[in-house]
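Everything below concerns the one structure shown next.
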2 protein chains.
Amino acid sequence: MKRAAKLLSRNRYAGRKISAFARSFLREWKRLDLPSENAGVVVAVSGGADSTALLLVFDELVCAKKLKLKLIVAHLDHQLRDTSAADARRVGALAKKLRYPATITKFNVQEKAKKSRDNLEQAARRARYEFLARAATKEHAAMVVTAHTMDDQAETVLLNLIRGSGADGLSGIEAVRLLAENGKTLLVRPLLSWAKRADTERYCRSRGVEFCVDAMNLDERFSRVRVRQQLLPLMQTFNARVVEALSRSADLLREDKHALNGAAERLLELARENSLTNGNASSAVRLNVELLAVAPAAVRRRALRQWIAMGRGDLRRIELAHILAVEGLLAGNRGGRTIELPGGATVSRKRGWLLFNR
Amino acid sequence: MKRAAKLLSRNRYAGRKISAFARSFLREWKRLDLPSENAGVVVAVSGGADSTALLLVFDELVCAKKLKLKLIVAHLDHQLRDTSAADARRVGALAKKLRYPATITKFNVQEKAKKSRDNLEQAARRARYEFLARAATKEHAAMVVTAHTMDDQAETVLLNLIRGSGADGLSGIEAVRLLAENGKTLLVRPLLSWAKRADTERYCRSRGVEFCVDAMNLDERFSRVRVRQQLLPLMQTFNARVVEALSRSADLLREDKHALNGAAERLLELARENSLTNGNASSAVRLNVELLAVAPAAVRRRALRQWIAMGRGDLRRIELAHILAVEGLLAGNRGGRTIELPGGATVSRKRGWLLFNR
């Protein structure tokens, strides 16, 4: 009762120093150059420790007037487990106690997964982000905030490593990116670079707020859960701070990725600009073979990937093998060869040019 | 006896097709642009499956006249185990049977490790490469060849990941590099990109040649052995071809690394060239702050690392933290700050310039 009474008052932090967790959060918020006032923020809350801590730390900082943001709690009930309706009610109740508006929606992920032929985890993820994007649009929010932690980052790096990814996959999750490529809404992960799961659990407990234990976490069907429960603990016997180590690797590779993507964009501009000087409008999609051939492989392949994305609209089902096949067209002097891409588009070489044909 | 008799004759392959293992080896040898004649090759043979297979495959290709190389077998007896003298004798006997000259040397690694305060694995490694470099010089060999496989590559990637490395560590072992920075001798790993440990064992057996089982491999003191015996097998339960996946990640990151190091060299030339236009010879070690500040972080940090290596002669004990501290000098307009590097050198900022002082 005492706790509930405390929670009911917006003055519940009056006169208290803000917590260490909130100080770390605020430091990261500023480092990421995010607005501290006049912005709507959709907070994705599953009800687990991470997202409950995310909501509570926003609340602490809003009450302490360190952040003047309009919070909207968002929860998607995937209907994947017995407790999901109870979890939804609990999130709704917490939002109400803290006096923030909440958007809570049910969704049959199982059915969706069958239709889209995604696996359950992919389908749940896709449904969640679509729901968050709709919530942001409806509420005119500047950003959607999710509670990914340093542990999530480490798991993502390992999952991508197990698949043999390059820097794009191994650099893991971005702390700030656009929610949709053509939109303006930001997708922000303010816990990613500093908070571990143990920190969010501790913070929830210190605030006297219960969180649900994700039953899915105990389900070993999901590779991510096996990474968390088997692979990371084994790696910790080599280095107790392996989560931090993986996060640092991801940070370094993310910088590499940004530098190389920038270089690839410049290469693409150069190779396309030259083709435009031909005065032929349709030649905008042609690329100068010679310019591509002399670029470093890492830059050239990224440029080809960007160019194919522009031509097709997306990169679905485009694998490294396709990029390497297109790159193969650059070797030697022979034109007249064609590479077929999944979905029907082709890339061919004609004299000194690469041509994209839909 | 029959096998021994076969081995004794240089015509032992006469009329036979070369093996699939040798064909793969030859394909890689050509892909790496290595000479197929008129070159001395020091082959590092420990006597384990990988290096025994390496010697045998060279022998197969030399006998089949696909490679006309002068082979020299080199073996360093680390004296780390009871069997080490027997291993050395076995390698010597194999070289003799195949009629290649052999350089076999004893070395007390334990003692060396104590003196240099390296751990045993580091000390053994250092001693081995120094021995191989001496053998190459003495024999006027163009290259030293070691038997690193795709499994070694995967282990290296994981060990560096556990430490939180960037692309430089995660890109693993190079298939071809200079043995020493200032030398001409190549260090070549022709098995790295395609052969797995199981392949080398199978090839040795198919040739009827015994190999020693490295007792050290069973010693869990070494992290590498634990990666091999615990971590990789667990990762194989996620992806049966995880060794190939790790090798692919390393290949992709190695290309990134080469592109970024190239960009860093160009940035350094640009930043130094501008300082030389001042007409002051000593200003060659000054770097233009403005040019560095606008470069992408991944390129800038590599340029600073190269610049520090030039100033100090090496990068010993230089960690990411030192590079970040030097990078910190670029922020803002203030000069007059100084960063101390391990070993006594300093970097300071004076107006628009970074200065290196020994």
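Convention: chains lettered A, B, ... in structure tokens order; per-chain residue numbering from 1; ligands numbered from 1 as shown.
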Pull out every residue of chain A that has at least one atom within 7 Å of chain B, counting only C-alpha atoms, and report them as a PyMOL selection string. chain A and resi 161-167+239+242+245-246+248-249+252-253+255-256+259+296-298
Excluding range 267-273 of chain A and residues on its chain fewer than 5 positions from it, collect all residues at most 12 Å away from it, counting only C-alpha atoms, and give them as JSON, numbers by chain. {"A": [260, 261, 262, 278, 279, 280, 281, 282, 283, 284, 285, 286, 287, 288, 289, 290, 291, 292, 293, 294, 295, 296, 297, 298, 299, 300, 301, 302, 303, 304, 305, 306, 307, 308, 310, 352, 353, 354, 355]}
Non-local contacts of Leu94 in chain B (12 Å; only C-alpha atoms; under 3 positions in same chain excluded) as a ChimeraX atom specification: /B:4,7-8,45-47,51-53,55-56,59,73-75,87-91,97-102,208-211
Pairwise distance for CA of Glu130 in chain A and CA of Ala175 in chain A, rounded to one decimal in Å: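 Answer for the CA of Glu130 in chain A to CA of Ala175 in chain A separation: 18.8 Å.
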Any chance you could list, as a VMD selection string, the residues in range 32-171 of chain B that come up helix (DSSP H, G or I) when DSSP is run on the backbone? chain B and resid 49 to 63 84 to 98 109 to 116 120 to 138 150 to 162 167 to 170
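The space separating CA of Val145 in chain A from CA of Val43 in chain A comes to 5.0 Å.
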Can you check which residues of range 105-261 of chain A DSSP gives as strand (DSSP E or B) on the backbone and send them as a PyMOL selection string? chain A and resi 105-106+143-145+176-178+186-188
The selected residues should be written to file as a PDB file, in the first residue's frame (atoms: N, CA and C atoms).
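Writing the result to result_29.pdb gives the following:
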```
ATOM      1  N   THR A 105      -2.439  -3.848 -27.528  1.00  0.00           N
ATOM      2  CA  THR A 105      -3.135  -4.514 -28.629  1.00  0.00           C
ATOM      3  C   THR A 105      -2.820  -6.006 -28.619  1.00  0.00           C
ATOM      4  N   LYS A 106      -3.862  -6.800 -28.962  1.00  0.00           N
ATOM      5  CA  LYS A 106      -3.664  -8.248 -29.102  1.00  0.00           C
ATOM      6  C   LYS A 106      -3.379  -8.584 -30.550  1.00  0.00           C
ATOM      7  N   MET A 143       9.765   9.478 -31.507  1.00  0.00           N
ATOM      8  CA  MET A 143      10.594   8.268 -31.441  1.00  0.00           C
ATOM      9  C   MET A 143       9.901   7.118 -30.730  1.00  0.00           C
ATOM     10  N   VAL A 144      10.381   5.925 -31.068  1.00  0.00           N
ATOM     11  CA  VAL A 144      10.015   4.705 -30.365  1.00  0.00           C
ATOM     12  C   VAL A 144      11.259   4.277 -29.594  1.00  0.00           C
ATOM     13  N   VAL A 145      11.080   3.920 -28.309  1.00  0.00           N
ATOM     14  CA  VAL A 145      12.229   3.538 -27.496  1.00  0.00           C
ATOM     15  C   VAL A 145      12.055   2.098 -27.046  1.00  0.00           C
ATOM     16  N   VAL A 176      20.719   4.283 -32.187  1.00  0.00           N
ATOM     17  CA  VAL A 176      19.732   5.190 -32.797  1.00  0.00           C
ATOM     18  C   VAL A 176      19.696   4.928 -34.290  1.00  0.00           C
ATOM     19  N   ARG A 177      18.497   4.701 -34.810  1.00  0.00           N
ATOM     20  CA  ARG A 177      18.358   4.650 -36.272  1.00  0.00           C
ATOM     21  C   ARG A 177      16.944   5.073 -36.637  1.00  0.00           C
ATOM     22  N   LEU A 178      16.659   5.226 -37.931  1.00  0.00           N
ATOM     23  CA  LEU A 178      15.292   5.524 -38.345  1.00  0.00           C
ATOM     24  C   LEU A 178      14.460   4.252 -38.227  1.00  0.00           C
ATOM     25  N   LEU A 186      12.362   8.096 -35.032  1.00  0.00           N
ATOM     26  CA  LEU A 186      13.582   7.420 -34.612  1.00  0.00           C
ATOM     27  C   LEU A 186      13.257   6.155 -33.836  1.00  0.00           C
ATOM     28  N   LEU A 187      14.141   5.178 -33.938  1.00  0.00           N
ATOM     29  CA  LEU A 187      14.098   3.992 -33.088  1.00  0.00           C
ATOM     30  C   LEU A 187      15.329   4.079 -32.186  1.00  0.00           C
ATOM     31  N   VAL A 188      15.088   4.160 -30.875  1.00  0.00           N
ATOM     32  CA  VAL A 188      16.178   4.473 -29.939  1.00  0.00           C
ATOM     33  C   VAL A 188      16.323   3.352 -28.907  1.00  0.00           C
TER      34      VAL A 188
END
```
Best match for closeness to Lys30 in chain A among A:Pro190, A:Gly183, A:Gly344, A:Pro233, counting only C-alpha atoms: A:Pro190
